[in-house]
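Colleague: Let me give you the structure first, and then I'll get to my questions.
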Amino acid sequence: MESILDKIQLPGSHPAAGIIHYTLHLADNALVIAHRNSEWCGHGPILEQDIALANIALDLVGQARNFYQYAAALIAENNLSSITITEDDFAYLRAADEFKNFLLTEQSNGHWGTTILRQFLFSTYQYFLYRQLQHCSNEHLAAIAQKALKEVTYHVRWSSEWVIRLGDGTAESHQKMQDALNELWPFTDELLTGGLASAANISLDDTLIKTEWTEKITSVIADATLHLPTSRQYVYGGTEGKHTPHLTAMLKDMQYLQRTYPGVEW
Amino acid sequence: MSTSQSNILTTTIWNILHDIYDPEVPVLSIVDLGIVRDVVVNDEAAFILITPTYTGCPAMDVIRMNIKMALLEKGLGNVEIKTILSPAWTTDWISEKGKQQLKAFGIAPPNSTHSVCTIDAFAADEAVQCPRCLSFNTKAISRFGSTACKALYQCNDCHEPFDYFKCH
């Protein structure tokens, strides 16, 4: 399948390679989970929560656009491509193994509780990440993080409230949330050991992110009367382009139009 | 360009911007909404700095286009529109006039004491005044309303649902 990356000359040794890869990683996380959430549009259990999830998807698409625009600007500034690369090229013209998102973000929606829990695990990570990123040495990434942090705060609150309501709800909703937690737990450690920031010379306190994330997750899961899985069997690979089949399936749908009618606009 | 010429151009641009309205809140000019951060005119160029309310606000593309069209109508095709993200927009930048216009339109304006949401679940919400009957006996239906910048509320007295332009 044709990929836009074939049009870009970016050797790993190039001084801008680290920051471009890290920016794409941040963008891919936001875009992939945004697209997953948008799949719910019109199918939510009640109208208000359907709208809530669509708004969260919108915030995340906005973040992804800002990151992709910055990556495109870096490619232009460094003369890394003979053709103009745009934000859309990154979203629509890359293959699954060129995406650098965490595996958690691409997992299929499951039932409403699985989606809520995926959002809670991810948004809590994003919240503590952006709290640091907003003060980082790269002013572009710092500005995007500062802007997005206010919105992510809403995402954490909204999703944690639903985790608690459903976990501490009926026997059936409790069991469904516990099953969802067991199912998603293997994808959580990748968030905390991502490691693409250092190659971009972005200095983050990963230990602090892990401590803060663990504290918040533990407290909400306890309020939800759920049990943290004791399994330490984790899976990794998203940041290196090794994805679960869910991403390929998702991209087939998301990229269908541009792949079928290249360059089409509306 | 002389100083007086650039002053006149700056004033002209601001006047144009005062007449451009948010497409999703059509009673509020983009200046009163606080998204126009600056108008800069110097020897080489003239540009307008705007900032989004929310990162993914779809109205931004429309607003940018509307500014461009209004400038073209006045023969000012060379003015550049730049989007900046930092400092991040806050509802504190909505003017007093803008807040009154929101209320008259049926949207509860952001509370004057800036209270921003925290990550804590089930924290008490601020009391929001119903824009129709002015009761403070209202409840949040959803933190996300018809657009990203608004929450959905309902008045417990007159029972009308209404949008609240949430503090941000």
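In the structure tokens, each chain is lettered A, B, ... as it comes, each chain's residues begin at 1, and ligands are numbered from 1 in order of appearance.
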Using only C-alpha atoms, select each residue of chain B with any atom at most 8 Å away from an atom of chain A, and give the selection as a list in words.

Modeller: Tyr54, Thr55, Gly56, Cys57, Leu85, Ser86, Pro87, Ala88, Trp89, Cys117, Thr118, Ile119, Asp120, Ala121, Phe122, Ile141, Ser142, Arg143, Phe144, Gly145, Ser146, Thr147, Ala148 and His168 of chain B

Colleague: Would you pick out the contacts of B:Pro110 at 6 Å or less, using only C-alpha atoms, so that residues sharing its chain but fewer than 5 positions from it are not included, and give the list as a PyMOL selection string?

Modeller: chain B and resi 165-167

Colleague: Can you write out the residues you just picked, keeping C-alpha atoms, as a short mmCIF file (atom, residue, chain, number, x, y, z; two decimals), in the first residue's frame?

Modeller:
data_model
loop_
_atom_site.label_atom_id
_atom_site.label_comp_id
_atom_site.auth_asym_id
_atom_site.auth_seq_id
_atom_site.Cartn_x
_atom_site.Cartn_y
_atom_site.Cartn_z
CA PHE B 165 -20.92 28.49 28.61
CA LYS B 166 -18.68 26.66 31.06
CA CYS B 167 -15.68 28.22 32.78
#

Colleague: Pick the closest to A:Ser81 from A:Ala17, A:Ala30, A:Leu117, A:Leu5: which is it, counting only C-alpha atoms?

Modeller: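 Between A:Ala17, A:Ala30, A:Leu117, A:Leu5, the residue approaching A:Ser81 most closely is A:Leu5.
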
Colleague: Please identify the alpha helix (DSSP H) residues within chain B (assignment by DSSP from backbone atoms) and present them as a PDB file with C-alpha atoms, in the first residue's frame.

Modeller:
ATOM      1  CA  THR B   3       2.854  55.676  11.901  1.00  0.00           C
ATOM      2  CA  SER B   4      -0.470  57.390  11.261  1.00  0.00           C
ATOM      3  CA  GLN B   5      -1.141  55.160   8.264  1.00  0.00           C
ATOM      4  CA  SER B   6      -0.474  52.020  10.265  1.00  0.00           C
ATOM      5  CA  ASN B   7      -2.659  53.329  13.116  1.00  0.00           C
ATOM      6  CA  ILE B   8      -5.523  53.884  10.692  1.00  0.00           C
ATOM      7  CA  LEU B   9      -5.078  50.400   9.240  1.00  0.00           C
ATOM      8  CA  THR B  10      -5.003  48.866  12.735  1.00  0.00           C
ATOM      9  CA  THR B  11      -8.249  50.639  13.653  1.00  0.00           C
ATOM     10  CA  THR B  12      -9.872  49.599  10.362  1.00  0.00           C
ATOM     11  CA  ILE B  13      -8.979  45.950  10.972  1.00  0.00           C
ATOM     12  CA  TRP B  14     -10.325  46.037  14.540  1.00  0.00           C
ATOM     13  CA  ASN B  15     -13.578  47.557  13.275  1.00  0.00           C
ATOM     14  CA  ILE B  16     -13.936  44.764  10.737  1.00  0.00           C
ATOM     15  CA  LEU B  17     -13.279  42.138  13.427  1.00  0.00           C
ATOM     16  CA  HIS B  18     -15.950  43.657  15.705  1.00  0.00           C
ATOM     17  CA  ALA B  59     -15.871  26.936  14.111  1.00  0.00           C
ATOM     18  CA  MET B  60     -12.261  28.116  13.814  1.00  0.00           C
ATOM     19  CA  ASP B  61     -12.016  27.254  10.108  1.00  0.00           C
ATOM     20  CA  VAL B  62     -15.275  29.112   9.436  1.00  0.00           C
ATOM     21  CA  ILE B  63     -14.133  32.096  11.511  1.00  0.00           C
ATOM     22  CA  ARG B  64     -10.824  32.251   9.652  1.00  0.00           C
ATOM     23  CA  MET B  65     -12.698  32.171   6.336  1.00  0.00           C
ATOM     24  CA  ASN B  66     -15.160  34.856   7.477  1.00  0.00           C
ATOM     25  CA  ILE B  67     -12.305  37.153   8.532  1.00  0.00           C
ATOM     26  CA  LYS B  68     -10.614  36.597   5.167  1.00  0.00           C
ATOM     27  CA  MET B  69     -13.823  37.419   3.256  1.00  0.00           C
ATOM     28  CA  ALA B  70     -14.531  40.560   5.320  1.00  0.00           C
ATOM     29  CA  LEU B  71     -10.978  41.796   4.754  1.00  0.00           C
ATOM     30  CA  LEU B  72     -11.218  41.133   1.011  1.00  0.00           C
ATOM     31  CA  GLU B  73     -14.440  43.129   0.829  1.00  0.00           C
ATOM     32  CA  GLU B  96     -18.742  41.984  30.015  1.00  0.00           C
ATOM     33  CA  LYS B  97     -20.795  43.023  26.977  1.00  0.00           C
ATOM     34  CA  GLY B  98     -20.294  39.547  25.535  1.00  0.00           C
ATOM     35  CA  LYS B  99     -21.558  37.911  28.736  1.00  0.00           C
ATOM     36  CA  GLN B 100     -24.706  40.047  28.683  1.00  0.00           C
ATOM     37  CA  GLN B 101     -25.284  39.143  25.027  1.00  0.00           C
ATOM     38  CA  LEU B 102     -24.925  35.443  25.820  1.00  0.00           C
ATOM     39  CA  LYS B 103     -27.496  35.712  28.602  1.00  0.00           C
ATOM     40  CA  ALA B 104     -29.959  37.632  26.418  1.00  0.00           C
TER      41      ALA B 104
END

Colleague: For A:Thr86, work out the shell of residues within 8 Å, counting only C-alpha atoms and skipping chain neighbours fewer than 3 positions away, then give it as number ranges by chain.

Modeller: A: 68-69, 72, 89-90

Colleague: Would you save the residues of that selection, restricted to N, CA, C and O atoms, as an mmCIF file, in the first residue's frame?

Modeller:
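This is the output file again06.cif:
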data_model
loop_
_atom_site.group_PDB
_atom_site.id
_atom_site.type_symbol
_atom_site.label_atom_id
_atom_site.label_comp_id
_atom_site.auth_asym_id
_atom_site.auth_seq_id
_atom_site.Cartn_x
_atom_site.Cartn_y
_atom_site.Cartn_z
ATOM 1 N N TYR A 68 0.031 16.996 14.184
ATOM 2 C CA TYR A 68 0.364 16.678 12.788
ATOM 3 C C TYR A 68 0.817 17.929 12.029
ATOM 4 O O TYR A 68 1.725 17.874 11.201
ATOM 5 N N GLN A 69 0.168 19.056 12.292
ATOM 6 C CA GLN A 69 0.574 20.302 11.629
ATOM 7 C C GLN A 69 2.014 20.655 11.994
ATOM 8 O O GLN A 69 2.798 21.087 11.151
ATOM 9 N N ALA A 72 4.345 18.328 10.158
ATOM 10 C CA ALA A 72 4.430 18.737 8.751
ATOM 11 C C ALA A 72 5.334 19.965 8.612
ATOM 12 O O ALA A 72 6.128 20.070 7.668
ATOM 13 N N ASP A 89 -2.092 14.008 5.238
ATOM 14 C CA ASP A 89 -1.269 12.909 4.715
ATOM 15 C C ASP A 89 -0.900 11.936 5.826
ATOM 16 O O ASP A 89 -0.905 10.726 5.629
ATOM 17 N N PHE A 90 -0.544 12.482 7.002
ATOM 18 C CA PHE A 90 -0.152 11.605 8.105
ATOM 19 C C PHE A 90 -1.319 10.716 8.549
ATOM 20 O O PHE A 90 -1.148 9.556 8.892
#

Colleague: Please compute the atom CA of B:Tyr164-atom CA of B:Asp32 distance, one decimal, in Å.

Modeller: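 Between atom CA of B:Tyr164 and atom CA of B:Asp32 the gap is 17.0 Å.
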
Colleague: Restricting the calculation to only C-alpha atoms, which member of A:Met250, A:Asp88, A:Leu26, A:Arg131 is positioned closest to A:Asn109?

Modeller: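 Smallest separation from A:Asn109 among the options: A:Met250.
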
Colleague: Which of these residues is nearest to A:Gly169, using only C-alpha atoms: A:Leu31, A:Leu204, A:Leu141, A:Leu226?

Modeller: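 Ranked by minimum distance to A:Gly169, first place goes to A:Leu226.
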
Colleague: Could you tell me how far atom CA of B:Ile20 sits from atom CA of B:Leu134, in Å to one decimal place?

Modeller: 29.1 Å

Colleague: I'd like to know which of A:Ile85, A:Leu247, A:Leu129, A:Ala71 is closest to A:Ser108, using only C-alpha atoms.

Modeller: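 With only C-alpha atoms as the atom set, the closest residue is A:Leu247.
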
Colleague: Do you have the atom CA of A:Leu10-atom CA of A:Ala95 distance handy?

Modeller: 16.7 Å
